[in-house]
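To keep things clear, I will list the structure first and then write my remarks on it.
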Amino acid sequence: MNLNYDRDQLISIVRQYALQFGQFTLASGKQASYYLDCRTVTLHPQGANQIAAGMLDLILGNHFGSIPDAVGGLAIGADPITASIVVHSGLRDRGLLGFMVRKEAKQHGTGKLVEGPVRPGMKCVIVEDVITSGGSALKAAQAAKDFGLDVIGVLGVIDRLEGGQAAFEAHGIPLATLLTIDDFPKT
């Protein structure tokens with residue numbers, strides 16, 4: 001298995017499988033002339049591999065000032081990204097843990113909102129596929145903080161460049177993405 005990030009390959013996969021043009025309503029409620037269905041990339045074997053390799057390079061390269069103990073995000077969108085990074089980290093003998101944030105706490109069992117082998121006090125990075133307003137990743141970050149995790153950053157696959165960066169800055173959370181919408185000229 002090739003564990004090296006290839007940005008051009010990720011761009012090609014996103015262009016082929018995820019980028020659609022037309023009229024769409026986004027999760028933020030905004031109208032858009034294009035849509036990025038990144039689940040078609042995060043659940044694609046080469047797409048998942050490239051995302052994990054690129055994000056792990058940023059994480060292990062100390063992009064956020066320290067290396068986290070765990071990665072995770074809001075279910076369901078962040079789950080395949082988290083799983084891919086956890087597998088890649090194991091293959092690189094780094095052993096990052098993964099976690100998921102439920103959209104609402106379970107009404108049975110332990111009633112957890114944050115699931116996984118994480119403990120309060122651990123450093124974490126929130127992962128997300130597409131960054132628009134930042135709302136989903138901010139919700140996951142708040143749940144992680146409430147659980148007791150130290151959120152040191154957010155990693156996204158693609159930034160739509162529509163205000164997410166400013167939203168994270170307002171909360172004191174650094175954002176890094178592998179790509180932006182500017183990597184996909186409308187040709």
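To be explicit about the labels: the chains of the structure tokens are called A, B, and onward in the order shown, and within each one the residues are counted from 1, while ligands get numbers from 1 in the order they are shown.
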
Please build the interface table for range 68-108 of chain A against range 120-143 of chain A with a cut-off of 8 Å, listing for each qualifying residue the nearest atom pair and the distance in Å to one decimal; count only C-alpha atoms, order rows by chain and increasing number, and write it as a tab-separated table.
residue	atom	partner	partner_atom	distance
A:Pro68	CA	A:Lys123	CA	4.7
A:Asp69	CA	A:Lys123	CA	5.3
A:Ala70	CA	A:Cys124	CA	4.7
A:Val71	CA	A:Val125	CA	4.9
A:Gly72	CA	A:Ile126	CA	5.2
A:Gly73	CA	A:Ile126	CA	5.1
A:Leu74	CA	A:Ala140	CA	5.3
A:Gly77	CA	A:Asp129	CA	6.7
A:Ala78	CA	A:Glu128	CA	5.3
A:Ile81	CA	A:Val127	CA	7.0
A:Thr82	CA	A:Val127	CA	7.0
A:Val101	CA	A:Ala140	CA	6.0

*How many Å separate CA of Asp150 in chain A from CA of Leu60 in chain A?*
16.9 Å

*asked:* If DSSP is run on the backbone, what residues of range 14-163 of chain A are helix (DSSP H, G or I)? A reply as a VMD selection string would be ideal.
replied: chain A and resid 14 to 17 39 to 42 45 to 60 79 to 91 135 to 147

File of the preceding selection, N, CA and C atoms, as a compact mmCIF listing (two decimals), in the first residue's frame:
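Once written, again_33.txt looks like this:
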# COMPACT_ATOMS: atom_id res chain seq x y z
N VAL A 14 -11.61 13.83 -6.71
CA VAL A 14 -12.70 14.75 -6.35
C VAL A 14 -13.41 15.23 -7.60
N ARG A 15 -12.64 15.61 -8.61
CA ARG A 15 -13.25 16.10 -9.86
C ARG A 15 -14.12 15.01 -10.51
N GLN A 16 -13.63 13.78 -10.50
CA GLN A 16 -14.34 12.68 -11.15
C GLN A 16 -15.58 12.23 -10.39
N TYR A 17 -15.49 12.17 -9.06
CA TYR A 17 -16.56 11.55 -8.28
C TYR A 17 -17.43 12.51 -7.46
N ARG A 39 -18.56 12.27 0.23
CA ARG A 39 -18.68 10.88 0.68
C ARG A 39 -18.30 9.92 -0.44
N THR A 40 -18.46 10.37 -1.70
CA THR A 40 -18.04 9.54 -2.82
C THR A 40 -16.51 9.46 -2.90
N VAL A 41 -15.83 10.34 -2.20
CA VAL A 41 -14.36 10.32 -2.16
C VAL A 41 -13.88 9.66 -0.87
N THR A 42 -14.49 9.99 0.26
CA THR A 42 -14.05 9.42 1.54
C THR A 42 -14.34 7.92 1.62
N PRO A 45 -11.69 3.79 -2.38
CA PRO A 45 -10.41 3.29 -1.84
C PRO A 45 -9.23 4.23 -2.04
N GLN A 46 -9.05 4.75 -3.24
CA GLN A 46 -7.93 5.67 -3.45
C GLN A 46 -8.20 7.04 -2.82
N GLY A 47 -9.45 7.46 -2.80
CA GLY A 47 -9.80 8.74 -2.18
C GLY A 47 -9.53 8.69 -0.68
N ALA A 48 -9.99 7.64 -0.03
CA ALA A 48 -9.76 7.49 1.42
C ALA A 48 -8.27 7.43 1.71
N ASN A 49 -7.52 6.71 0.88
CA ASN A 49 -6.08 6.58 1.06
C ASN A 49 -5.40 7.95 0.95
N GLN A 50 -5.76 8.74 -0.06
CA GLN A 50 -5.13 10.04 -0.25
C GLN A 50 -5.50 11.02 0.88
N ILE A 51 -6.75 11.01 1.28
CA ILE A 51 -7.18 11.89 2.37
C ILE A 51 -6.43 11.54 3.66
N ALA A 52 -6.38 10.26 3.98
CA ALA A 52 -5.69 9.84 5.20
C ALA A 52 -4.21 10.19 5.14
N ALA A 53 -3.57 9.93 4.00
CA ALA A 53 -2.13 10.21 3.87
C ALA A 53 -1.86 11.71 4.01
N GLY A 54 -2.67 12.53 3.34
CA GLY A 54 -2.47 13.98 3.42
C GLY A 54 -2.73 14.54 4.80
N MET A 55 -3.82 14.11 5.42
CA MET A 55 -4.14 14.61 6.76
C MET A 55 -3.12 14.12 7.78
N LEU A 56 -2.70 12.88 7.65
CA LEU A 56 -1.71 12.36 8.60
C LEU A 56 -0.37 13.09 8.43
N ASP A 57 -0.02 13.43 7.19
CA ASP A 57 1.21 14.23 6.99
C ASP A 57 1.13 15.56 7.74
N LEU A 58 -0.04 16.22 7.67
CA LEU A 58 -0.21 17.49 8.40
C LEU A 58 -0.14 17.27 9.91
N ILE A 59 -0.82 16.24 10.37
CA ILE A 59 -0.84 15.95 11.81
C ILE A 59 0.57 15.63 12.33
N LEU A 60 1.24 14.72 11.67
CA LEU A 60 2.56 14.29 12.14
C LEU A 60 3.64 15.33 11.85
N ASP A 79 -16.77 9.94 9.88
CA ASP A 79 -16.42 8.56 10.25
C ASP A 79 -15.45 7.89 9.28
N PRO A 80 -15.67 7.94 7.95
CA PRO A 80 -14.70 7.28 7.08
C PRO A 80 -13.34 7.97 7.08
N ILE A 81 -13.31 9.28 7.28
CA ILE A 81 -12.03 9.99 7.35
C ILE A 81 -11.28 9.55 8.60
N THR A 82 -11.98 9.52 9.72
CA THR A 82 -11.38 9.09 10.98
C THR A 82 -10.81 7.68 10.84
N ALA A 83 -11.62 6.77 10.32
CA ALA A 83 -11.19 5.38 10.19
C ALA A 83 -9.96 5.26 9.30
N SER A 84 -9.94 5.99 8.20
CA SER A 84 -8.79 5.94 7.29
C SER A 84 -7.52 6.46 7.95
N ILE A 85 -7.64 7.55 8.69
CA ILE A 85 -6.47 8.11 9.38
C ILE A 85 -5.97 7.15 10.45
N VAL A 86 -6.89 6.54 11.20
CA VAL A 86 -6.50 5.60 12.24
C VAL A 86 -5.74 4.42 11.63
N VAL A 87 -6.23 3.90 10.52
CA VAL A 87 -5.54 2.78 9.85
C VAL A 87 -4.16 3.23 9.37
N HIS A 88 -4.08 4.37 8.70
CA HIS A 88 -2.79 4.89 8.21
C HIS A 88 -1.83 5.11 9.36
N SER A 89 -2.32 5.65 10.47
CA SER A 89 -1.42 5.91 11.60
C SER A 89 -0.89 4.60 12.16
N GLY A 90 -1.71 3.57 12.16
CA GLY A 90 -1.24 2.26 12.61
C GLY A 90 -0.19 1.69 11.67
N LEU A 91 -0.39 1.86 10.38
CA LEU A 91 0.59 1.37 9.41
C LEU A 91 1.91 2.13 9.51
N GLY A 135 -20.04 24.93 10.62
CA GLY A 135 -21.00 24.55 11.65
C GLY A 135 -20.86 23.14 12.17
N SER A 136 -20.73 22.16 11.29
CA SER A 136 -20.64 20.76 11.73
C SER A 136 -19.37 20.51 12.53
N ALA A 137 -18.24 21.01 12.03
CA ALA A 137 -16.98 20.79 12.73
C ALA A 137 -16.97 21.54 14.06
N LEU A 138 -17.58 22.72 14.11
CA LEU A 138 -17.65 23.47 15.38
C LEU A 138 -18.52 22.74 16.39
N LYS A 139 -19.60 22.12 15.92
CA LYS A 139 -20.45 21.32 16.81
C LYS A 139 -19.66 20.14 17.36
N ALA A 140 -18.90 19.47 16.50
CA ALA A 140 -18.07 18.34 16.96
C ALA A 140 -17.00 18.82 17.93
N ALA A 141 -16.38 19.96 17.63
CA ALA A 141 -15.34 20.51 18.51
C ALA A 141 -15.91 20.82 19.88
N GLN A 142 -17.10 21.40 19.94
CA GLN A 142 -17.71 21.73 21.23
C GLN A 142 -18.03 20.47 22.03
N ALA A 143 -18.55 19.45 21.35
CA ALA A 143 -18.84 18.19 22.04
C ALA A 143 -17.55 17.55 22.56
N ALA A 144 -16.49 17.62 21.76
CA ALA A 144 -15.20 17.06 22.20
C ALA A 144 -14.68 17.83 23.41
N LYS A 145 -14.80 19.15 23.37
CA LYS A 145 -14.36 19.97 24.52
C LYS A 145 -15.20 19.66 25.76
N ASP A 146 -16.51 19.54 25.58
CA ASP A 146 -17.38 19.22 26.71
C ASP A 146 -17.03 17.86 27.32
N PHE A 147 -16.57 16.94 26.49
CA PHE A 147 -16.14 15.62 26.96
C PHE A 147 -14.83 15.72 27.74

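In this structure, CA of Leu43 in chain A sits 11.6 Å away from CA of Ile76 in chain A.
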
In range 81-187 of chain A, what's strand (DSSP E) per DSSP? Answer as a CSV table (one decimal) with C-alpha atoms, in the first residue's frame?
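result_19.csv written:
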chain,number,residue,atom,x,y,z
A,97,LEU,CA,-7.0,6.9,18.3
A,98,GLY,CA,-10.3,7.6,16.6
A,99,PHE,CA,-13.6,8.9,18.0
A,100,MET,CA,-17.0,9.9,16.7
A,101,VAL,CA,-19.4,12.5,17.9
A,114,VAL,CA,-18.5,11.1,22.2
A,115,GLU,CA,-17.7,7.4,21.3
A,123,LYS,CA,-5.4,16.3,22.5
A,124,CYS,CA,-7.4,15.9,19.3
A,125,VAL,CA,-8.0,17.2,15.8
A,126,ILE,CA,-11.5,17.4,14.4
A,127,VAL,CA,-11.9,16.1,10.8
A,128,GLU,CA,-14.4,17.1,8.2
A,129,ASP,CA,-15.0,16.5,4.5
A,130,VAL,CA,-16.3,19.9,3.2
A,131,ILE,CA,-15.9,23.1,5.1
A,150,ASP,CA,-8.2,19.5,24.0
A,151,VAL,CA,-9.2,20.5,20.5
A,152,ILE,CA,-6.0,21.7,18.8
A,153,GLY,CA,-7.3,22.1,15.3
A,154,VAL,CA,-9.6,21.1,12.5
A,155,LEU,CA,-8.7,19.3,9.3
A,156,GLY,CA,-10.9,19.4,6.2
A,157,VAL,CA,-10.7,17.8,2.8
A,158,ILE,CA,-12.0,20.9,0.9
A,159,ASP,CA,-12.7,24.4,2.0
A,175,LEU,CA,-8.1,25.2,10.3
A,176,ALA,CA,-6.1,23.4,7.6
A,177,THR,CA,-7.5,21.8,4.5
A,178,LEU,CA,-6.0,19.6,1.8
A,179,LEU,CA,-7.7,21.5,-1.0
A,180,THR,CA,-9.9,24.5,-1.6

*Can you pull out every residue within 10 Å of Ile181 in chain A, counting only C-alpha atoms, but drop anything in the same chain fewer than 5 positions away, and send it as an MDAnalysis selection string?*
chainID A and resid 19 34 36 130 158:162 186

*Take CA of Gly95 in chain A and CA of His171 in chain A and report the distance between them in Å, one decimal.*
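For CA of Gly95 in chain A relative to CA of His171 in chain A, the distance reads 28.2 Å.
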
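If you measure from each of A:Ile13, A:Asn62, A:Ile173, A:Phe21 to Cys38 in chain A using only C-alpha atoms, the closest one turns out to be A:Ile13.
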
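The neighbours of Leu26 in chain A here are the residues that come within 9 Å of it, using only C-alpha atoms and leaving out any residue fewer than 3 positions away in the same chain; they are Gly29, Lys30, Gln31, Ala32, Tyr35 and Thr132 of chain A.
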
Using N, CA and C atoms, can you export the residues from the last selection as an mmCIF file, in the first residue's frame?
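Contents of part-v6.cif, as written:
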data_model
loop_
_atom_site.group_PDB
_atom_site.id
_atom_site.type_symbol
_atom_site.label_atom_id
_atom_site.label_comp_id
_atom_site.auth_asym_id
_atom_site.auth_seq_id
_atom_site.Cartn_x
_atom_site.Cartn_y
_atom_site.Cartn_z
ATOM 1 N N GLY A 29 -27.839 25.918 4.508
ATOM 2 C CA GLY A 29 -29.031 26.600 4.015
ATOM 3 C C GLY A 29 -28.752 27.497 2.817
ATOM 4 N N LYS A 30 -27.482 27.731 2.531
ATOM 5 C CA LYS A 30 -27.103 28.573 1.398
ATOM 6 C C LYS A 30 -27.383 27.861 0.083
ATOM 7 N N GLN A 31 -27.626 28.660 -0.953
ATOM 8 C CA GLN A 31 -27.770 28.141 -2.307
ATOM 9 C C GLN A 31 -26.401 28.167 -2.978
ATOM 10 N N ALA A 32 -26.126 27.166 -3.806
ATOM 11 C CA ALA A 32 -24.821 27.091 -4.458
ATOM 12 C C ALA A 32 -24.973 26.581 -5.887
ATOM 13 N N TYR A 35 -21.826 21.481 -6.027
ATOM 14 C CA TYR A 35 -21.955 20.646 -4.843
ATOM 15 C C TYR A 35 -20.764 19.695 -4.784
ATOM 16 N N THR A 132 -17.778 24.630 4.842
ATOM 17 C CA THR A 132 -18.517 25.751 4.269
ATOM 18 C C THR A 132 -18.578 26.829 5.344
#
